[in-house]
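A.B. asks: The following block contains the structure, expressed as structure tokens.
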Amino acid sequence: MNRYVNPANAITAARYLTLPPFVHWLDRGQYQYAMLMVVVCGGLDLIDGAVARLFNCASGFGELLDAITDAICFGFFLVVLGWYGRLPWLPVLGIIGIGIINAGFRAVYARRVGRAVNYRSYAMERLVAYTVYLVGFGVADFEAAYFSWVTFAVMVIVVLHDTKRMLIDPVPEGAE
Amino acid sequence: MIVSDLQFMWFVTFASLLICAIWGARDVYLLFKNLPRRGRAAWKDHRQWRDQIFGSVVGVVIIVLGIIGVVRFWSTY
């Protein structure tokens, strides 16, 4: 199976197709259709890993593409929702800023370990899923300000923990 | 519009509570499974185990915060 062009990466790349219709429907006040695009994007994120295992085409490139697509799609949703006033700007900027800082620390960690290894943060995995829900709450105008600030506050705690683990704690011998 | 606004809000509410129930049950199960596995002496030596515990605690916290958000919404709707 081709390292770059395979069913799993095609599904991951297809998630970008949800972004233009999301903006289109949000701009026209068709929030339920915009929500549908968020659900489709999140759903494709859930199945691409399973497809990679099914077709035996899992690769480092696929993992990287998935992580980058997560950041771009969910970051894009947050920015657009902030632009249209569905989410408050301050926590949105905070969430994106902390996400960028966390990505930088992960690069430092990979350099410390001396190989391309990603620090597995169980807390951040949960928080990313929560961010998808924040996007949904923003589209539906469902306590959007409350969920934005809550997500921001929990993200600060998780990134402080992960930063200590990645930059201060000793690097373990085996893979994490 | 696919459904009415009220139906849409009920859909968001039930979807949120369903996820809270599934994720909450999973994280509470993982906490009860992982916590007694090692004693307090292992706390400093097993960082990945500690990360799992921290992840589950964060999971439970955001589930509780999610339920509070749903209650807040319907108390002012």
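Every chain in the structure tokens takes a letter, A first, then B, and so on in the order presented; its residues are numbered from 1, and the ligands are numbered from 1 following the presented order.
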Enumerate as a VMD selection string the residues belonging to chain A that approach chain B to within 8 Å, with only C-alpha atoms taken into account.
C.D. replies: chain A and resid 30 to 33 121 to 124 126 to 127 130 137 140 142 to 143 146 to 147 150 154 176
A.B. asks: What lies within 12 Å of segment 2-12 of chain A using only C-alpha atoms, ignoring chain neighbours under 2 positions off, as a PyMOL selection string?
C.D. replies: chain A and resi 14-18+40-70+72-73
A.B. asks: Write out as a ChimeraX atom specification all residues of chain A that DSSP puts in helix (DSSP H, G or I) for this structure's backbone.
C.D. replies: /A:7-27,31-54,60-83,89-113,122-140,144-168
A.B. asks: How far is it from atom CA of Ala144 of chain A to atom CA of Pro91 of chain A, in Å with one decimal?
C.D. replies: 10.7 Å
A.B. asks: Just how far from atom CA of Lys164 of chain A is atom CA of Ala107 of chain A, in Å to one decimal?
C.D. replies: 14.2 Å
A.B. asks: Using only C-alpha atoms, pick whichever of A:Met166, A:Val156, A:Ile100, A:Leu81 has the shortest atom-to-atom distance to Asp141 of chain A.
C.D. replies: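 Nearest to Asp141 of chain A: A:Leu81.
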A.B. asks: Record the distance separating atom CA of Leu160 of chain A and atom CA of Ile98 of chain A, expressed in Å with one decimal.
C.D. replies: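 Spanning atom CA of Leu160 of chain A to atom CA of Ile98 of chain A is a straight-line distance of 9.9 Å.
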